[in-house]
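File shown here: protein_0.tsv, holding TSV, C-alpha atoms.
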```
chain	number	residue	atom	x	y	z
A	168	MET	CA	0.00	0.00	0.00
A	169	ASP	CA	1.17	3.51	-0.66
A	170	HIS	CA	1.89	5.04	2.74
A	171	ASP	CA	3.27	8.33	1.41
A	172	THR	CA	-0.16	9.94	1.17
A	173	ALA	CA	-2.28	10.73	4.18
A	174	LYS	CA	-5.55	10.36	2.31
A	175	SER	CA	-6.95	7.72	0.03
A	176	TRP	CA	-10.33	6.55	-1.22
A	177	ARG	CA	-11.53	3.34	0.41
A	178	ALA	CA	-14.57	1.12	0.08
A	179	THR	CA	-15.54	-2.12	1.77
A	180	LEU	CA	-18.08	-4.28	-0.02
A	181	THR	CA	-20.01	-7.05	1.71
A	182	PRO	CA	-23.05	-9.06	0.66
A	183	HIS	CA	-26.37	-8.01	2.16
A	184	ARG	CA	-28.19	-10.44	4.41
A	185	SER	CA	-31.73	-9.44	5.36
A	186	LEU	CA	-32.28	-12.07	8.05
A	187	SER	CA	-30.50	-11.48	11.37
A	188	ARG	CA	-29.27	-14.28	13.64
A	189	ARG	CA	-32.23	-13.74	15.94
A	190	GLY	CA	-34.59	-13.84	12.97
A	191	PHE	CA	-32.96	-17.09	11.84
A	192	PHE	CA	-33.57	-18.72	15.23
A	193	VAL	CA	-37.21	-17.55	15.28
A	194	LEU	CA	-37.78	-18.82	11.73
A	195	MET	CA	-36.10	-22.18	12.38
A	196	SER	CA	-38.08	-22.61	15.61
A	197	ALA	CA	-41.32	-22.03	13.72
A	198	ILE	CA	-40.28	-24.46	10.96
A	199	ILE	CA	-39.29	-27.12	13.51
A	200	PHE	CA	-42.54	-26.70	15.44
A	201	LEU	CA	-44.66	-26.83	12.29
A	202	ASN	CA	-42.84	-29.80	10.74
A	203	PHE	CA	-42.86	-31.90	13.89
A	204	SER	CA	-46.50	-31.05	14.62
A	205	VAL	CA	-47.50	-32.26	11.17
A	206	GLY	CA	-45.11	-35.21	11.52
A	207	GLY	CA	-46.65	-36.07	14.91
A	208	PHE	CA	-50.10	-36.08	13.34
A	209	PHE	CA	-48.94	-38.52	10.66
A	210	LEU	CA	-47.26	-40.65	13.33
A	211	ALA	CA	-50.52	-40.76	15.28
A	212	ILE	CA	-52.48	-42.03	12.27
A	213	GLY	CA	-49.88	-44.67	11.47
A	214	ALA	CA	-47.94	-43.03	8.67
A	215	TRP	CA	-44.70	-43.00	10.67
A	216	PRO	CA	-42.27	-42.63	7.69
A	217	VAL	CA	-43.58	-39.08	7.12
A	218	LEU	CA	-42.00	-37.99	10.44
A	219	GLY	CA	-38.54	-38.85	9.07
A	220	PHE	CA	-39.12	-36.83	5.93
A	221	MET	CA	-40.33	-33.87	7.99
A	222	GLY	CA	-37.09	-34.08	9.99
A	223	LEU	CA	-35.08	-34.27	6.77
A	224	ASP	CA	-36.87	-31.13	5.60
A	225	VAL	CA	-35.72	-29.26	8.73
A	226	VAL	CA	-32.12	-30.42	8.24
A	227	LEU	CA	-32.08	-29.31	4.58
A	228	ILE	CA	-33.50	-25.87	5.42
A	229	TRP	CA	-30.92	-25.44	8.21
A	230	TRP	CA	-28.10	-26.48	5.82
A	231	ALA	CA	-29.28	-24.01	3.15
A	232	PHE	CA	-29.29	-21.13	5.65
A	233	ARG	CA	-25.87	-22.14	6.96
A	234	ARG	CA	-24.45	-21.99	3.41
A	235	ASN	CA	-26.12	-18.62	2.86
A	236	TYR	CA	-24.62	-17.15	6.03
A	237	ALA	CA	-21.17	-18.54	5.16
A	238	SER	CA	-21.22	-16.77	1.80
A	239	GLY	CA	-22.20	-13.57	3.62
A	240	ARG	CA	-18.91	-13.45	5.53
A	241	ILE	CA	-16.86	-12.43	2.52
A	242	ALA	CA	-15.66	-8.90	1.84
A	243	GLU	CA	-13.82	-6.90	-0.78
A	244	ASN	CA	-11.75	-3.92	0.35
A	245	ILE	CA	-10.76	-1.50	-2.38
A	246	GLU	CA	-8.34	1.34	-1.77
A	247	VAL	CA	-7.34	3.94	-4.33
A	248	THR	CA	-4.23	5.93	-3.47
A	249	ALA	CA	-2.26	8.45	-5.50
A	250	ARG	CA	-0.20	5.64	-7.07
A	251	GLU	CA	-2.07	2.37	-6.87
A	252	VAL	CA	-5.33	0.49	-6.51
A	253	VAL	CA	-5.34	-2.24	-3.89
A	254	LEU	CA	-7.98	-4.96	-4.01
A	255	GLU	CA	-8.16	-7.19	-0.93
A	256	ARG	CA	-10.59	-10.10	-0.89
A	257	VAL	CA	-11.34	-11.63	2.49
A	258	SER	CA	-13.09	-14.98	2.93
A	259	GLU	CA	-13.08	-17.72	5.53
A	260	LYS	CA	-11.97	-20.39	3.05
A	261	HIS	CA	-9.05	-18.60	1.44
A	262	GLY	CA	-8.05	-15.88	3.90
A	263	PRO	CA	-7.07	-12.43	2.61
A	264	ARG	CA	-5.84	-12.19	-0.99
A	265	VAL	CA	-4.38	-8.90	-2.20
A	266	GLN	CA	-4.00	-7.64	-5.77
A	267	ARG	CA	-2.26	-4.38	-6.62
A	268	PHE	CA	-2.68	-2.30	-9.76
A	269	ILE	CA	-0.96	0.87	-10.95
A	270	ARG	CA	-3.71	3.49	-10.69
A	271	ARG	CA	-3.07	5.26	-13.98
A	272	TRP	CA	-3.48	1.97	-15.91
A	273	VAL	CA	-6.69	0.80	-14.24
A	274	LYS	CA	-10.02	1.13	-16.03
A	275	VAL	CA	-13.42	0.36	-14.55
A	276	GLU	CA	-15.50	-1.73	-16.93
A	277	LEU	CA	-19.21	-2.34	-16.26
A	278	VAL	CA	-20.90	-4.68	-18.72
A	279	GLU	CA	-24.30	-3.22	-19.62
A	280	ASP	CA	-27.00	-4.28	-22.06
A	281	ARG	CA	-28.75	-0.95	-22.57
A	282	ALA	CA	-31.31	-2.37	-24.99
A	283	ARG	CA	-32.66	-4.76	-22.34
A	284	GLU	CA	-31.63	-2.56	-19.37
A	285	LEU	CA	-29.45	-5.24	-17.82
A	286	ILE	CA	-26.33	-4.76	-15.69
A	287	GLY	CA	-23.64	-7.42	-15.93
A	288	PRO	CA	-20.33	-7.95	-14.17
A	289	LEU	CA	-18.04	-5.15	-12.98
A	290	PHE	CA	-14.33	-5.44	-13.75
A	291	LEU	CA	-11.04	-3.72	-12.98
A	292	ARG	CA	-9.09	-3.86	-16.24
A	293	SER	CA	-5.33	-3.35	-16.37
A	294	HIS	CA	-2.66	-4.53	-18.81
A	295	GLY	CA	-5.06	-6.75	-20.76
A	296	ARG	CA	-6.39	-8.58	-17.69
A	297	ARG	CA	-9.81	-8.23	-16.13
A	298	THR	CA	-10.58	-8.86	-12.47
A	299	GLU	CA	-14.23	-9.11	-11.51
A	300	ILE	CA	-15.28	-7.19	-8.41
A	301	ALA	CA	-18.54	-6.62	-6.54
A	302	SER	CA	-20.18	-9.75	-8.00
A	303	PHE	CA	-22.57	-9.96	-5.05
A	304	LEU	CA	-23.96	-6.42	-5.40
A	305	ALA	CA	-27.38	-5.72	-6.90
A	306	ALA	CA	-27.51	-4.03	-10.31
A	307	ASP	CA	-28.26	-0.53	-8.97
A	308	GLU	CA	-25.53	-0.81	-6.32
A	309	LYS	CA	-23.04	-2.10	-8.88
A	310	LYS	CA	-23.76	0.80	-11.24
A	311	ALA	CA	-23.44	3.39	-8.44
A	312	PHE	CA	-20.23	1.79	-7.17
A	313	ALA	CA	-18.74	1.73	-10.67
A	314	GLN	CA	-19.35	5.47	-10.99
A	315	ALA	CA	-17.87	6.18	-7.54
A	316	LEU	CA	-14.80	4.07	-8.37
A	317	LYS	CA	-14.31	5.86	-11.69
A	318	THR	CA	-14.41	9.18	-9.85
A	319	ALA	CA	-11.91	7.89	-7.27
A	320	LEU	CA	-9.54	6.78	-10.04
A	321	ILE	CA	-9.58	10.30	-11.46
A	322	ASN	CA	-8.87	11.92	-8.08
A	323	PRO	CA	-8.43	9.54	-5.11
A	324	LEU	CA	-7.78	12.31	-2.62
A	325	LEU	CA	-11.29	13.80	-2.70
```
Let me see whether you can do it: turn the structure in this file into structure tokens.
Amino acid sequence: MDHDTAKSWRATLTPHRSLSRRGFFVLMSAIIFLNFSVGGFFLAIGAWPVLGFMGLDVVLIWWAFRRNYASGRIAENIEVTAREVVLERVSEKHGPRVQRFIRRWVKVELVEDRARELIGPLFLRSHGRRTEIASFLAADEKKAFAQALKTALINPLL
């Protein structure tokens, strides 16, 4: 990182998760109660195999939420200094990975289909290579971030 300048432009990007931990526990409690109530009814009328499938349903829902929360613990830190652009990706599986680019050679490339009003991937392009960033952002957020990053590349000390 360029430590010669006191100021730089920085952004931290993380995926949005709308369900809090408390909300997850409330939802899972309701699902467990509902599934085992229905499973208990089927057990009472002699259809005991249904109870196992209701339990399997709870396990699959819990696993899906666990995967969702794991993917929510990633982050991309982008810093634009007077000389360079630093991209740091943080995830639990791979740990922090840092890529550095010379600021004057970096271009922000947002793939857009204006005819169908679609927003595609966002890339940092430098020396013939493209690095995708902000893949987890929504289309509006990606477009706004691309504009902010372009402005920061012009003058990172704003």
Considering all atoms listed in the file, can you say which of A:Pro288, A:Gly295, A:Gly213, A:Gly239 comes closest to A:His183?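 Ranked by minimum distance to A:His183, first place goes to A:Gly239.
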Could you jot down the atom CA of A:Phe268 to atom CA of A:Ala242 separation for me, Å, one decimal place? 18.6 Å
Between A:Lys260, A:Ala237, A:Leu320, A:Leu227, which has the minimum distance to A:Pro182 (counting all atoms listed in the file)?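 Checking each of A:Lys260, A:Ala237, A:Leu320, A:Leu227 against A:Pro182, counting all atoms listed in the file, the winner is A:Ala237.
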Kindly list the centre and edge lengths in Å, rounded to one decimal, for the axis-aligned box that covers all listed atoms of stretch 272-291 of chain A plus 8 Å on each of its six sides, as JSON.
```
{"center_x": -18.1, "center_y": -3.0, "center_z": -19.0, "size_x": 45.2, "size_y": 25.9, "size_z": 28.0}
```
Closest to A:Asp224 among A:Gly206, A:His261, A:Trp272, A:Asp280, using all atoms listed in the file?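 Ranking A:Gly206, A:His261, A:Trp272, A:Asp280 by distance to A:Asp224, first place goes to A:Gly206.
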Find the distance between atom CA of A:Arg233 and atom CA of A:Ile198 and write it in Å to one decimal.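 Atom-to-atom, atom CA of A:Arg233 to atom CA of A:Ile198, that is 15.1 Å.
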Best match for closeness to A:Val253 among A:Leu223, A:Leu289, A:Ala178, A:Ala282, counting all atoms listed in the file: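 Checking each of A:Leu223, A:Leu289, A:Ala178, A:Ala282 against A:Val253, counting all atoms listed in the file, the winner is A:Ala178.
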Between A:Phe203, A:Phe303, A:Met221, A:Ile321, which is the closest to A:Thr181 once you count all atoms listed in the file?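 The shortest atom-to-atom distance to A:Thr181 comes from A:Phe303.
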Mind pulling up the distance from atom CA of A:Ser187 to atom CA of A:Gly287? 28.4 Å
Write out as a ChimeraX atom specification the residues lying within 9 Å of A:Val273, counting only C-alpha atoms and excluding same-chain residues fewer than 2 positions away. /A:251-252,268-271,275,291-294,320
